[in-house]
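What follows is entry-v8.pdb (PDB, C-alpha atoms, pLDDT in the B column).
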ATOM      1  CA  MET Z 776      13.812 -20.458 123.398  1.00 43.00           C
ATOM      2  CA  THR Z 777      16.893 -20.518 125.625  1.00 45.00           C
ATOM      3  CA  THR Z 778      17.858 -23.319 127.955  1.00 48.00           C
ATOM      4  CA  GLU Z 779      20.078 -22.997 130.988  1.00 48.00           C
ATOM      5  CA  THR Z 780      21.365 -26.161 132.575  1.00 49.00           C
ATOM      6  CA  PHE Z 781      22.752 -26.338 136.082  1.00 49.00           C
ATOM      7  CA  SER Z 782      24.207 -29.542 137.389  1.00 48.00           C
ATOM      8  CA  ALA Z 783      25.174 -30.501 140.914  1.00 48.00           C
ATOM      9  CA  GLU Z 784      26.981 -33.622 141.987  1.00 47.00           C
ATOM     10  CA  ASN Z 785      25.487 -35.809 144.618  1.00 48.00           C
ATOM     11  CA  SER Z 786      27.102 -38.771 146.346  1.00 49.00           C
ATOM     12  CA  ARG Z 787      24.525 -41.122 144.848  1.00 51.00           C
ATOM     13  CA  SER Z 788      23.583 -39.500 141.565  1.00 57.00           C
ATOM     14  CA  HIS Z 789      23.915 -36.450 139.347  1.00 62.00           C
ATOM     15  CA  LEU Z 790      21.204 -33.831 139.663  1.00 62.00           C
ATOM     16  CA  HIS Z 791      20.397 -31.694 136.656  1.00 60.00           C
ATOM     17  CA  TYR Z 792      18.362 -28.519 137.101  1.00 59.00           C
ATOM     18  CA  GLN Z 793      16.978 -27.242 133.886  1.00 58.00           C
ATOM     19  CA  LYS Z 794      15.457 -23.762 133.615  1.00 62.00           C
ATOM     20  CA  VAL Z 795      13.553 -23.148 130.416  1.00 64.00           C
ATOM     21  CA  ALA Z 796      12.558 -19.625 129.359  1.00 67.00           C
ATOM     22  CA  ARG Z 797       9.080 -20.053 127.942  1.00 75.00           C
ATOM     23  CA  PRO Z 798       7.379 -17.551 125.591  1.00 80.00           C
ATOM     24  CA  GLU Z 799       4.591 -17.065 128.178  1.00 79.00           C
ATOM     25  CA  ASP Z 800       7.142 -15.732 130.697  1.00 80.00           C
ATOM     26  CA  LEU Z 801       8.398 -13.205 128.194  1.00 86.00           C
ATOM     27  CA  ILE Z 802       4.829 -12.115 127.379  1.00 90.00           C
ATOM     28  CA  SER Z 803       3.955 -11.671 131.073  1.00 88.00           C
ATOM     29  CA  LYS Z 804       7.116  -9.550 131.559  1.00 90.00           C
ATOM     30  CA  LEU Z 805       6.267  -7.439 128.516  1.00 94.00           C
ATOM     31  CA  LYS Z 806       2.710  -6.991 129.827  1.00 94.00           C
ATOM     32  CA  ILE Z 807       4.028  -5.591 133.120  1.00 94.00           C
ATOM     33  CA  ILE Z 808       6.401  -3.214 131.292  1.00 95.00           C
ATOM     34  CA  ALA Z 809       3.605  -2.095 128.928  1.00 96.00           C
ATOM     35  CA  PHE Z 810       1.268  -1.485 131.868  1.00 95.00           C
ATOM     36  CA  TYR Z 811       3.811   0.745 133.635  1.00 96.00           C
ATOM     37  CA  ALA Z 812       4.590   2.595 130.384  1.00 96.00           C
ATOM     38  CA  GLY Z 813       0.854   3.128 129.885  1.00 96.00           C
ATOM     39  CA  VAL Z 814       0.445   4.537 133.404  1.00 96.00           C
ATOM     40  CA  VAL Z 815       3.373   6.933 132.848  1.00 96.00           C
ATOM     41  CA  ILE Z 816       1.887   8.144 129.521  1.00 96.00           C
ATOM     42  CA  PHE Z 817      -1.537   8.514 131.179  1.00 97.00           C
ATOM     43  CA  TRP Z 818       0.124  10.548 133.952  1.00 96.00           C
ATOM     44  CA  LEU Z 819       1.587  12.970 131.394  1.00 95.00           C
ATOM     45  CA  VAL Z 820      -1.725  13.222 129.499  1.00 96.00           C
ATOM     46  CA  VAL Z 821      -3.662  13.998 132.706  1.00 96.00           C
ATOM     47  CA  ALA Z 822      -1.088  16.605 133.746  1.00 95.00           C
ATOM     48  CA  SER Z 823      -1.389  18.294 130.339  1.00 95.00           C
ATOM     49  CA  LEU Z 824      -5.225  18.327 130.664  1.00 94.00           C
ATOM     50  CA  TYR Z 825      -4.930  20.365 133.869  1.00 93.00           C
ATOM     51  CA  ARG Z 826      -2.350  22.821 132.419  1.00 90.00           C
ATOM     52  CA  GLY Z 827      -0.775  24.862 135.265  1.00 92.00           C
ATOM     53  CA  PHE Z 828      -2.308  22.747 138.025  1.00 93.00           C
ATOM     54  CA  GLY Z 829      -1.034  19.621 136.282  1.00 93.00           C
ATOM     55  CA  ARG Z 830       2.499  20.935 135.919  1.00 92.00           C
ATOM     56  CA  ASN Z 831       2.693  22.395 139.425  1.00 93.00           C
ATOM     57  CA  TRP Z 832       0.820  19.788 141.428  1.00 94.00           C
ATOM     58  CA  ILE Z 833      -0.163  16.563 139.580  1.00 95.00           C
ATOM     59  CA  ILE Z 834       3.337  15.789 138.243  1.00 96.00           C
ATOM     60  CA  PRO Z 835       5.106  16.331 141.632  1.00 96.00           C
ATOM     61  CA  ALA Z 836       2.349  14.535 143.597  1.00 96.00           C
ATOM     62  CA  VAL Z 837       2.361  11.415 141.385  1.00 97.00           C
ATOM     63  CA  SER Z 838       6.161  11.488 141.276  1.00 97.00           C
ATOM     64  CA  VAL Z 839       6.277  11.442 145.083  1.00 97.00           C
ATOM     65  CA  MET Z 840       3.824   8.506 145.051  1.00 97.00           C
ATOM     66  CA  TRP Z 841       6.076   6.559 142.642  1.00 97.00           C
ATOM     67  CA  ILE Z 842       9.107   7.276 144.851  1.00 97.00           C
ATOM     68  CA  ALA Z 843       7.288   6.306 148.071  1.00 97.00           C
ATOM     69  CA  GLY Z 844       6.142   3.040 146.472  1.00 96.00           C
ATOM     70  CA  ALA Z 845       9.642   2.256 145.175  1.00 96.00           C
ATOM     71  CA  ILE Z 846      11.256   2.943 148.570  1.00 96.00           C
ATOM     72  CA  THR Z 847       8.655   0.758 150.336  1.00 96.00           C
ATOM     73  CA  ALA Z 848       9.157  -2.081 147.820  1.00 94.00           C
ATOM     74  CA  PHE Z 849      12.940  -1.794 148.284  1.00 94.00           C
ATOM     75  CA  VAL Z 850      12.856  -1.688 152.096  1.00 93.00           C
ATOM     76  CA  ALA Z 851       9.994  -4.088 152.882  1.00 90.00           C
ATOM     77  CA  ARG Z 852      11.159  -6.951 150.664  1.00 86.00           C
ATOM     78  CA  ASN Z 853       8.770  -9.505 152.175  1.00 84.00           C
ATOM     79  CA  ASP Z 854       5.768  -7.738 150.639  1.00 87.00           C
ATOM     80  CA  GLU Z 855       7.400  -6.468 147.446  1.00 89.00           C
ATOM     81  CA  GLU Z 856       4.820  -7.764 144.974  1.00 88.00           C
ATOM     82  CA  ASN Z 857       1.814  -6.396 146.889  1.00 91.00           C
ATOM     83  CA  THR Z 858       3.472  -3.003 147.329  1.00 93.00           C
ATOM     84  CA  THR Z 859       4.233  -2.632 143.619  1.00 94.00           C
ATOM     85  CA  ARG Z 860       0.762  -3.765 142.610  1.00 92.00           C
ATOM     86  CA  GLU Z 861      -0.978  -1.468 145.093  1.00 94.00           C
ATOM     87  CA  THR Z 862       1.207   1.493 144.098  1.00 96.00           C
ATOM     88  CA  ARG Z 863       0.322   1.238 140.431  1.00 94.00           C
ATOM     89  CA  TRP Z 864      -3.388   0.746 141.139  1.00 95.00           C
ATOM     90  CA  VAL Z 865      -3.540   3.703 143.545  1.00 96.00           C
ATOM     91  CA  ILE Z 866      -1.795   5.942 140.987  1.00 97.00           C
ATOM     92  CA  LEU Z 867      -4.033   4.714 138.184  1.00 96.00           C
ATOM     93  CA  SER Z 868      -7.188   5.303 140.276  1.00 96.00           C
ATOM     94  CA  PHE Z 869      -5.999   8.779 141.239  1.00 97.00           C
ATOM     95  CA  LEU Z 870      -5.352   9.684 137.594  1.00 97.00           C
ATOM     96  CA  GLY Z 871      -8.645   8.076 136.558  1.00 96.00           C
ATOM     97  CA  PHE Z 872     -10.550  10.243 139.039  1.00 95.00           C
ATOM     98  CA  LEU Z 873      -8.800  13.371 137.733  1.00 96.00           C
ATOM     99  CA  VAL Z 874      -9.711  12.529 134.107  1.00 95.00           C
ATOM    100  CA  LEU Z 875     -13.310  11.812 135.048  1.00 94.00           C
ATOM    101  CA  TYR Z 876     -13.535  15.041 136.997  1.00 93.00           C
ATOM    102  CA  ARG Z 877     -12.040  17.020 134.103  1.00 92.00           C
ATOM    103  CA  GLY Z 878     -14.523  15.416 131.708  1.00 91.00           C
ATOM    104  CA  ILE Z 879     -17.612  15.964 133.862  1.00 88.00           C
ATOM    105  CA  LEU Z 880     -16.756  19.493 135.057  1.00 85.00           C
ATOM    106  CA  PRO Z 881     -17.669  21.369 131.823  1.00 84.00           C
ATOM    107  CA  PHE Z 882     -21.155  19.809 131.900  1.00 84.00           C
ATOM    108  CA  ILE Z 883     -21.881  20.595 135.555  1.00 80.00           C
ATOM    109  CA  VAL Z 884     -20.490  24.115 135.970  1.00 80.00           C
ATOM    110  CA  PRO Z 885     -22.697  25.981 133.427  1.00 81.00           C
ATOM    111  CA  LEU Z 886     -25.858  24.456 134.885  1.00 81.00           C
ATOM    112  CA  SER Z 887     -27.729  27.150 136.851  1.00 83.00           C
ATOM    113  CA  SER Z 888     -30.039  26.585 139.815  1.00 84.00           C
ATOM    114  CA  ALA Z 889     -33.055  27.659 137.724  1.00 86.00           C
ATOM    115  CA  GLN Z 890     -32.227  25.114 134.970  1.00 85.00           C
ATOM    116  CA  MET Z 891     -31.732  22.372 137.529  1.00 84.00           C
ATOM    117  CA  ALA Z 892     -34.976  23.290 139.283  1.00 87.00           C
ATOM    118  CA  ALA Z 893     -36.858  23.258 135.949  1.00 89.00           C
ATOM    119  CA  ALA Z 894     -35.324  19.957 134.868  1.00 88.00           C
ATOM    120  CA  LEU Z 895     -36.045  18.163 138.136  1.00 89.00           C
ATOM    121  CA  ASP Z 896     -39.257  20.040 138.904  1.00 89.00           C
ATOM    122  CA  ILE Z 897     -38.113  20.900 142.416  1.00 89.00           C
ATOM    123  CA  ASN Z 898     -37.371  24.106 144.294  1.00 88.00           C
ATOM    124  CA  ILE Z 899     -33.623  24.889 144.420  1.00 85.00           C
ATOM    125  CA  PRO Z 900     -32.411  28.135 146.056  1.00 85.00           C
ATOM    126  CA  ALA Z 901     -30.343  30.379 143.742  1.00 82.00           C
ATOM    127  CA  VAL Z 902     -27.487  30.478 146.280  1.00 84.00           C
ATOM    128  CA  SER Z 903     -26.795  26.753 145.911  1.00 82.00           C
ATOM    129  CA  GLY Z 904     -25.816  27.363 142.258  1.00 77.00           C
ATOM    130  CA  GLU Z 905     -23.015  29.634 143.425  1.00 78.00           C
ATOM    131  CA  ALA Z 906     -21.991  27.245 146.172  1.00 82.00           C
ATOM    132  CA  ILE Z 907     -21.594  24.317 143.792  1.00 80.00           C
ATOM    133  CA  ALA Z 908     -18.621  25.895 141.975  1.00 79.00           C
ATOM    134  CA  GLY Z 909     -16.796  26.333 145.279  1.00 85.00           C
ATOM    135  CA  MET Z 910     -17.660  22.802 146.329  1.00 87.00           C
ATOM    136  CA  LEU Z 911     -16.270  21.380 143.061  1.00 86.00           C
ATOM    137  CA  GLN Z 912     -13.056  23.334 143.580  1.00 87.00           C
ATOM    138  CA  SER Z 913     -12.794  22.017 147.149  1.00 91.00           C
ATOM    139  CA  VAL Z 914     -13.415  18.433 146.008  1.00 91.00           C
ATOM    140  CA  LEU Z 915     -10.586  18.683 143.467  1.00 91.00           C
ATOM    141  CA  LEU Z 916      -8.191  20.188 145.994  1.00 92.00           C
ATOM    142  CA  LEU Z 917      -9.079  17.707 148.737  1.00 95.00           C
ATOM    143  CA  VAL Z 918      -8.761  14.624 146.514  1.00 94.00           C
ATOM    144  CA  SER Z 919      -5.585  15.772 144.785  1.00 94.00           C
ATOM    145  CA  VAL Z 920      -3.886  16.593 148.098  1.00 95.00           C
ATOM    146  CA  LEU Z 921      -5.231  13.878 150.381  1.00 96.00           C
ATOM    147  CA  THR Z 922      -4.654  10.916 148.008  1.00 96.00           C
ATOM    148  CA  PRO Z 923      -0.833  11.340 147.796  1.00 96.00           C
ATOM    149  CA  VAL Z 924      -0.647  12.183 151.516  1.00 97.00           C
ATOM    150  CA  GLY Z 925      -2.697   9.110 152.428  1.00 97.00           C
ATOM    151  CA  PHE Z 926      -0.546   6.925 150.186  1.00 97.00           C
ATOM    152  CA  ILE Z 927       2.676   8.196 151.782  1.00 96.00           C
ATOM    153  CA  ILE Z 928       1.246   7.501 155.257  1.00 96.00           C
ATOM    154  CA  TRP Z 929       0.320   3.966 154.117  1.00 96.00           C
ATOM    155  CA  CYS Z 930       3.902   3.410 152.831  1.00 96.00           C
ATOM    156  CA  GLY Z 931       5.390   4.722 156.083  1.00 95.00           C
ATOM    157  CA  GLN Z 932       3.163   2.449 158.121  1.00 94.00           C
ATOM    158  CA  LYS Z 933       4.196  -0.536 155.977  1.00 93.00           C
ATOM    159  CA  ILE Z 934       7.906   0.172 156.483  1.00 93.00           C
ATOM    160  CA  ARG Z 935       7.342   0.637 160.220  1.00 92.00           C
ATOM    161  CA  GLN Z 936       5.504  -2.685 160.409  1.00 90.00           C
ATOM    162  CA  TYR Z 937       8.323  -4.432 158.518  1.00 89.00           C
ATOM    163  CA  HIS Z 938      10.965  -3.020 160.887  1.00 85.00           C
ATOM    164  CA  GLY Z 939       8.842  -4.047 163.873  1.00 84.00           C
ATOM    165  CA  ARG Z 940       8.749  -7.600 162.552  1.00 78.00           C
ATOM    166  CA  ARG Z 941      12.509  -7.588 161.988  1.00 75.00           C
ATOM    167  CA  THR Z 942      13.177  -6.318 165.518  1.00 77.00           C
ATOM    168  CA  ARG Z 943      11.010  -9.109 166.946  1.00 75.00           C
ATOM    169  CA  GLN Z 944      12.851 -11.648 164.803  1.00 75.00           C
ATOM    170  CA  SER Z 945      16.282 -10.411 165.914  1.00 78.00           C
ATOM    171  CA  THR Z 946      15.130 -10.530 169.563  1.00 77.00           C
ATOM    172  CA  PHE Z 947      14.132 -14.180 169.111  1.00 76.00           C
ATOM    173  CA  GLU Z 948      17.485 -14.931 167.473  1.00 76.00           C
ATOM    174  CA  LYS Z 949      19.358 -13.237 170.338  1.00 73.00           C
ATOM    175  CA  THR Z 950      17.343 -15.216 172.902  1.00 74.00           C
ATOM    176  CA  LYS Z 951      18.166 -18.456 171.105  1.00 73.00           C
ATOM    177  CA  GLY Z 952      21.844 -17.415 171.063  1.00 67.00           C
ATOM    178  CA  VAL Z 953      21.771 -16.808 174.828  1.00 61.00           C
ATOM    179  CA  ARG Z 954      20.227 -20.230 175.365  1.00 60.00           C
ATOM    180  CA  ARG Z 955      22.981 -21.844 173.315  1.00 59.00           C
ATOM    181  CA  GLY Z 956      25.608 -19.918 175.274  1.00 58.00           C
ATOM    182  CA  GLN Z 957      26.419 -17.575 172.370  1.00 56.00           C
ATOM    183  CA  PRO Z 958      25.447 -14.043 173.435  1.00 52.00           C
TER
ATOM    184  CA  MET W 638      37.022  32.156 108.804  1.00 76.00           C
ATOM    185  CA  SER W 639      39.835  31.559 111.258  1.00 87.00           C
ATOM    186  CA  VAL W 640      40.225  28.605 113.600  1.00 90.00           C
ATOM    187  CA  SER W 641      39.551  30.761 116.669  1.00 91.00           C
ATOM    188  CA  GLU W 642      36.269  31.979 115.166  1.00 90.00           C
ATOM    189  CA  ILE W 643      35.178  28.392 114.437  1.00 90.00           C
ATOM    190  CA  LEU W 644      36.047  27.387 118.014  1.00 91.00           C
ATOM    191  CA  GLN W 645      34.235  30.406 119.409  1.00 90.00           C
ATOM    192  CA  SER W 646      31.041  29.669 117.445  1.00 89.00           C
ATOM    193  CA  ALA W 647      31.235  25.990 118.474  1.00 89.00           C
ATOM    194  CA  LEU W 648      31.578  27.077 122.106  1.00 90.00           C
ATOM    195  CA  VAL W 649      28.501  29.297 121.788  1.00 89.00           C
ATOM    196  CA  PHE W 650      26.490  26.366 120.395  1.00 87.00           C
ATOM    197  CA  HIS W 651      27.665  24.086 123.198  1.00 91.00           C
ATOM    198  CA  VAL W 652      26.963  26.627 125.938  1.00 92.00           C
ATOM    199  CA  ASN W 653      23.472  27.136 124.520  1.00 91.00           C
ATOM    200  CA  ALA W 654      22.913  23.385 124.354  1.00 94.00           C
ATOM    201  CA  PHE W 655      24.125  23.029 127.961  1.00 93.00           C
ATOM    202  CA  TYR W 656      21.739  25.748 129.167  1.00 94.00           C
ATOM    203  CA  GLY W 657      18.936  24.146 127.140  1.00 94.00           C
ATOM    204  CA  ILE W 658      19.509  20.780 128.811  1.00 94.00           C
ATOM    205  CA  VAL W 659      19.793  22.345 132.292  1.00 95.00           C
ATOM    206  CA  PHE W 660      16.561  24.350 131.881  1.00 94.00           C
ATOM    207  CA  PHE W 661      14.761  21.304 130.496  1.00 93.00           C
ATOM    208  CA  MET W 662      15.895  19.240 133.509  1.00 93.00           C
ATOM    209  CA  GLN W 663      14.859  22.033 135.874  1.00 93.00           C
ATOM    210  CA  ALA W 664      11.414  22.398 134.273  1.00 91.00           C
ATOM    211  CA  ASN W 665      10.773  18.635 134.434  1.00 92.00           C
ATOM    212  CA  PHE W 666      12.586  17.942 137.700  1.00 94.00           C
ATOM    213  CA  PHE W 667       9.791  15.906 139.328  1.00 95.00           C
ATOM    214  CA  LEU W 668       9.175  13.939 136.153  1.00 94.00           C
ATOM    215  CA  PHE W 669      12.834  12.848 136.102  1.00 94.00           C
ATOM    216  CA  LEU W 670      12.550  11.867 139.765  1.00 95.00           C
ATOM    217  CA  GLY W 671       9.392   9.830 139.210  1.00 96.00           C
ATOM    218  CA  LEU W 672      10.446   7.953 136.066  1.00 96.00           C
ATOM    219  CA  PRO W 673      13.314   5.929 137.637  1.00 96.00           C
ATOM    220  CA  ALA W 674      11.020   5.089 140.567  1.00 96.00           C
ATOM    221  CA  ALA W 675       8.363   3.786 138.146  1.00 96.00           C
ATOM    222  CA  ALA W 676      11.026   1.791 136.278  1.00 96.00           C
ATOM    223  CA  TYR W 677      12.268   0.300 139.566  1.00 96.00           C
ATOM    224  CA  LEU W 678       8.698  -0.693 140.489  1.00 96.00           C
ATOM    225  CA  ALA W 679       8.272  -2.445 137.111  1.00 95.00           C
ATOM    226  CA  TYR W 680      11.592  -4.270 137.616  1.00 94.00           C
ATOM    227  CA  SER W 681      10.624  -5.141 141.179  1.00 94.00           C
ATOM    228  CA  GLU W 682       7.270  -6.578 140.108  1.00 92.00           C
ATOM    229  CA  ILE W 683       8.881  -8.686 137.370  1.00 91.00           C
ATOM    230  CA  ARG W 684      11.479  -9.983 139.836  1.00 88.00           C
ATOM    231  CA  ALA W 685       8.851 -10.767 142.495  1.00 86.00           C
ATOM    232  CA  LYS W 686       6.659 -12.525 139.943  1.00 82.00           C
ATOM    233  CA  THR W 687       9.454 -14.657 138.487  1.00 77.00           C
ATOM    234  CA  SER W 688      10.815 -15.594 141.901  1.00 73.00           C
ATOM    235  CA  LEU W 689       7.417 -17.048 142.816  1.00 64.00           C
ATOM    236  CA  GLU W 690       7.265 -19.244 139.734  1.00 62.00           C
ATOM    237  CA  ILE W 691       8.697 -22.727 140.080  1.00 56.00           C
ATOM    238  CA  ASP W 692       9.424 -23.930 136.608  1.00 53.00           C
ATOM    239  CA  ASP W 693      12.692 -25.733 137.236  1.00 53.00           C
ATOM    240  CA  LYS W 694      12.708 -29.258 135.960  1.00 55.00           C
ATOM    241  CA  ARG W 695      14.757 -31.637 138.042  1.00 56.00           C
ATOM    242  CA  ARG W 696      16.122 -34.733 136.426  1.00 54.00           C
ATOM    243  CA  LEU W 697      18.015 -37.543 138.099  1.00 54.00           C
ATOM    244  CA  GLY W 698      20.780 -38.871 135.924  1.00 49.00           C
TER
END

So, in terms of structure tokens, how does the structure I just supplied come out?
Amino acid sequence: MTTETFSAENSRSHLHYQKVARPEDLISKLKIIAFYAGVVIFWLVVASLYRGFGRNWIIPAVSVMWIAGAITAFVARNDEENTTRETRWVILSFLGFLVLYRGILPFIVPLSSAQMAAALDINIPAVSGEAIAGMLQSVLLLVSVLTPVGFIIWCGQKIRQYHGRRTRQSTFEKTKGVRRGQP
Amino acid sequence: MSVSEILQSALVFHVNAFYGIVFFMQANFFLFLGLPAAAYLAYSEIRAKTSLEIDDKRRLG
């Protein structure tokens, strides 16, 4: 346990500020680092599950999401903690969906319309069996493209909002300066 | 084996190593872009979390 002591002199008394590094603080920091390391490893595992698609699309898309989140956290400092937390949860959810999809896909694709109709005791046209493969492909493409795009738009909107707030603040400061005779 | 031959073989090894590193970086370009961003986010979250904690003890002496 380390102890840092800061002291400041006052006209009446001496003030001592003592900052103690507790073991709980260290554990909470390690937890955050472990969580991020876990997400990065998960990212690589998911990319390897998708082979060519993972290498050519999942790695660049998630990388762009990390970068967008980092830039937003750096620029919009007032909401730094929320931005970092939301970035890691969005990335984790995106990767989670991809793993789930990869796991479920082999069970769904071989199922024919006749098997489904027999299992559910309903009438299913044979054409819908062919359509389902195309629909699954479209779902994967839509989710894997729209999630990073949506996240980047969200980051851009957050930065824009932050700059809008700053402009309003500077306008107020200028107005106060004019009132005080300091343009 | 002469000195020039030793230097030449060492140069070949180093050129190969250089190309190996360059191709590795090229193949994993986006991964190397994303990793520092993830590290910055982790650092940023730790900093934001610790700045919110008030654990300073003030003592009047």

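Around Ile899 of chain Z, within 8 Å and counting only C-alpha atoms, the residues found are Ser888, Ala889, Met891, Ala892 and Ser903 of chain Z, once anything fewer than 3 positions away on its own chain is removed.
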
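Note that atom CA of Leu819 of chain Z and atom CA of Leu873 of chain Z are 12.2 Å apart.
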
Per-residue nearest contacts segment 644-673 of chain W to segment 837-858 of chain Z, cut-off 8 Å, using only C-alpha atoms, as CSV:
residue,atom,partner,partner_atom,distance
W:Phe667,CA,Z:Ser838,CA,6.0
W:Leu668,CA,Z:Ser838,CA,6.4
W:Leu670,CA,Z:Ser838,CA,6.6
W:Gly671,CA,Z:Ser838,CA,4.2
W:Leu672,CA,Z:Ser838,CA,7.6

Give the padded box for segment 669-684 of chain W as JSON: axis-aligned, covering all atoms listed in the file, 5 Å on each side, centre and edge lengths in Å to one decimal.
{"center_x": 10.3, "center_y": 1.4, "center_z": 138.6, "size_x": 16.0, "size_y": 32.8, "size_z": 15.1}

Which residues, named as in the file, does the PyMOL selection byres ((chain W and resi 681-683) around 10) pick out? Answer as a short mmCIF file (atom, residue, chain, number, x, y, z; two decimals) with C-alpha atoms, in the frame of the given file.
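What ended up in part.cif:
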data_model
loop_
_atom_site.label_atom_id
_atom_site.label_comp_id
_atom_site.auth_asym_id
_atom_site.auth_seq_id
_atom_site.Cartn_x
_atom_site.Cartn_y
_atom_site.Cartn_z
CA ASP Z 800 7.14 -15.73 130.70
CA SER Z 803 3.96 -11.67 131.07
CA LYS Z 804 7.12 -9.55 131.56
CA LEU Z 805 6.27 -7.44 128.52
CA LYS Z 806 2.71 -6.99 129.83
CA ILE Z 807 4.03 -5.59 133.12
CA ILE Z 808 6.40 -3.21 131.29
CA ALA Z 845 9.64 2.26 145.18
CA ALA Z 848 9.16 -2.08 147.82
CA PHE Z 849 12.94 -1.79 148.28
CA ARG Z 852 11.16 -6.95 150.66
CA GLU Z 855 7.40 -6.47 147.45
CA GLU Z 856 4.82 -7.76 144.97
CA ASN Z 857 1.81 -6.40 146.89
CA THR Z 858 3.47 -3.00 147.33
CA THR Z 859 4.23 -2.63 143.62
CA ARG Z 860 0.76 -3.76 142.61
CA ALA W 675 8.36 3.79 138.15
CA ALA W 676 11.03 1.79 136.28
CA TYR W 677 12.27 0.30 139.57
CA LEU W 678 8.70 -0.69 140.49
CA ALA W 679 8.27 -2.44 137.11
CA TYR W 680 11.59 -4.27 137.62
CA ARG W 684 11.48 -9.98 139.84
CA ALA W 685 8.85 -10.77 142.50
CA LYS W 686 6.66 -12.52 139.94
CA THR W 687 9.45 -14.66 138.49
CA SER W 688 10.82 -15.59 141.90
#

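For the atom pair formed by atom CA of Val821 of chain Z and atom CA of Leu915 of chain Z, the distance is 13.6 Å, given to one decimal.
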
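For the pair atom CA of Leu867 of chain Z and atom CA of Ile927 of chain Z, the interatomic distance is 15.6 Å.
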
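Nearest residue to chain W among Z:Asn831, Z:Gln944, Z:Ser868, Z:Ser887 is Z:Asn831, counting all atoms listed in the file.
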
Could you add the missing atoms to segment 677-690 of chain W, up to N, CA and C atoms, and return them as a JSON list (two decimals), keeping the file's coordinate frame?
[["chain", "number", "residue", "atom", "x", "y", "z"],
["W", 677, "TYR", "N", 11.86, 1.24, 138.51],
["W", 677, "TYR", "CA", 12.27, 0.30, 139.57],
["W", 677, "TYR", "C", 11.08, -0.56, 140.00],
["W", 678, "LEU", "N", 9.90, 0.06, 140.09],
["W", 678, "LEU", "CA", 8.70, -0.69, 140.49],
["W", 678, "LEU", "C", 8.37, -1.79, 139.47],
["W", 679, "ALA", "N", 8.52, -1.45, 138.17],
["W", 679, "ALA", "CA", 8.27, -2.44, 137.11],
["W", 679, "ALA", "C", 9.27, -3.60, 137.25],
["W", 680, "TYR", "N", 10.54, -3.25, 137.45],
["W", 680, "TYR", "CA", 11.59, -4.27, 137.62],
["W", 680, "TYR", "C", 11.31, -5.13, 138.84],
["W", 681, "SER", "N", 10.90, -4.46, 139.92],
["W", 681, "SER", "CA", 10.62, -5.14, 141.18],
["W", 681, "SER", "C", 9.46, -6.12, 141.04],
["W", 682, "GLU", "N", 8.44, -5.70, 140.30],
["W", 682, "GLU", "CA", 7.27, -6.58, 140.11],
["W", 682, "GLU", "C", 7.64, -7.79, 139.26],
["W", 683, "ILE", "N", 8.44, -7.56, 138.22],
["W", 683, "ILE", "CA", 8.88, -8.69, 137.37],
["W", 683, "ILE", "C", 9.70, -9.67, 138.20],
["W", 684, "ARG", "N", 10.61, -9.12, 139.02],
["W", 684, "ARG", "CA", 11.48, -9.98, 139.84],
["W", 684, "ARG", "C", 10.65, -10.78, 140.85],
["W", 685, "ALA", "N", 9.69, -10.08, 141.50],
["W", 685, "ALA", "CA", 8.85, -10.77, 142.50],
["W", 685, "ALA", "C", 8.00, -11.86, 141.84],
["W", 686, "LYS", "N", 7.51, -11.57, 140.65],
["W", 686, "LYS", "CA", 6.66, -12.52, 139.94],
["W", 686, "LYS", "C", 7.46, -13.76, 139.51],
["W", 687, "THR", "N", 8.65, -13.52, 138.97],
["W", 687, "THR", "CA", 9.45, -14.66, 138.49],
["W", 687, "THR", "C", 10.02, -15.48, 139.64],
["W", 688, "SER", "N", 10.27, -14.84, 140.77],
["W", 688, "SER", "CA", 10.82, -15.59, 141.90],
["W", 688, "SER", "C", 9.76, -16.53, 142.49],
["W", 689, "LEU", "N", 8.48, -16.20, 142.28],
["W", 689, "LEU", "CA", 7.42, -17.05, 142.82],
["W", 689, "LEU", "C", 7.14, -18.26, 141.93],
["W", 690, "GLU", "N", 7.54, -18.14, 140.65],
["W", 690, "GLU", "CA", 7.26, -19.24, 139.73],
["W", 690, "GLU", "C", 8.28, -20.37, 139.91]]
